[in-house]
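Below is one structure, written out as structure tokens, with a few remarks after it.
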Amino acid sequence: MPDGEPTRVLFVCLGNICRSPTAHGVFMSFVARAGLSDSVQVDSCGTGDWHVGSAPDARAIAEASKRGHDLRALRARQLQGSDFENYHYVLAMDNNNLDELQALCPAPYASRLGLLLDYAPELGVKEVPDPYYGGAKGFSQVLDLIETACDGLVQAIKLRVR
Ligand code: 4NP
């Protein structure tokens, strides 16, 4: 990306009320902690439209809050075609999300797509499981995976923006 342009990161899941807003809030915390708030922009979206305009799931808000991340101001939106052009990193939570992105993404931007957990290879897990139909424990596991990968993503971006 050109010098001086912020690095833009988009997290994508199905509904944009559980996993991707969690990644959005966690990554914003870590970006601020790393002193990169002026050079990194963050957003999240869903491939589906069921929850457009909604706040994150109350269970995601509660679990994130326990760890110091505030998700309350986030509102769900659906993926749009311009996202592939506008975001340098378009990171899916699971392989279904990634398949959808790959089907929609114009070829010149295909290298921008990936899985969030690509940034935490030490976990040995590729996908953030959908916690929507489960209990609170699922949300805690989602936070564990997302915090580890967002840490790795901050390190990767630091190498680029320095
Ligand atoms: P998310 O979880 O993709 O992590 O936001 C879901 C939220 C809602 C639904 C599915 C997954 N839903 O079917 O409404």
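We label chains A, B, ... in the order they appear in the structure tokens, count residues from 1 in each chain, and number ligands from 1 in the order shown.
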For this session: Find the residues around Gln78 in chain A up to 6 Å (only C-alpha atoms counted), leave out those fewer than 4 positions away in its own chain, and share them as a PyMOL selection string.
Result: chain A and resi 45-47+49
For this session: Would you mind writing down, as a VMD selection string, each residue of range 27-83 of chain A that DSSP on the backbone assigns to strand (DSSP E or B)?
Result: chain A and resid 40 to 46 78
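Coordinates place CA of Glu147 in chain A at a distance of 11.5 Å from CA of Leu123 in chain A.
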Seminar exercise, completed: As a check of understanding: the span from CA of Glu100 in chain A to atom 14 (O, counted along the ligand's line) of ligand 1 is 16.5 Å
For this session: Work out how far apart CA of Gly138 in chain A and atom 10 (C, counted along the ligand's line) of ligand 1 are and give it in Å to one decimal.
Result: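 Computed distance, CA of Gly138 in chain A to atom 10 (C, counted along the ligand's line) of ligand 1, equals 13.5 Å.
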For this session: Using DSSP on the backbone, list every residue of range 1-102 of chain A that comes out as alpha helix (DSSP H), and give them as a ChimeraX atom specification.
Result: /A:19-33,58-66,83-86,95-102
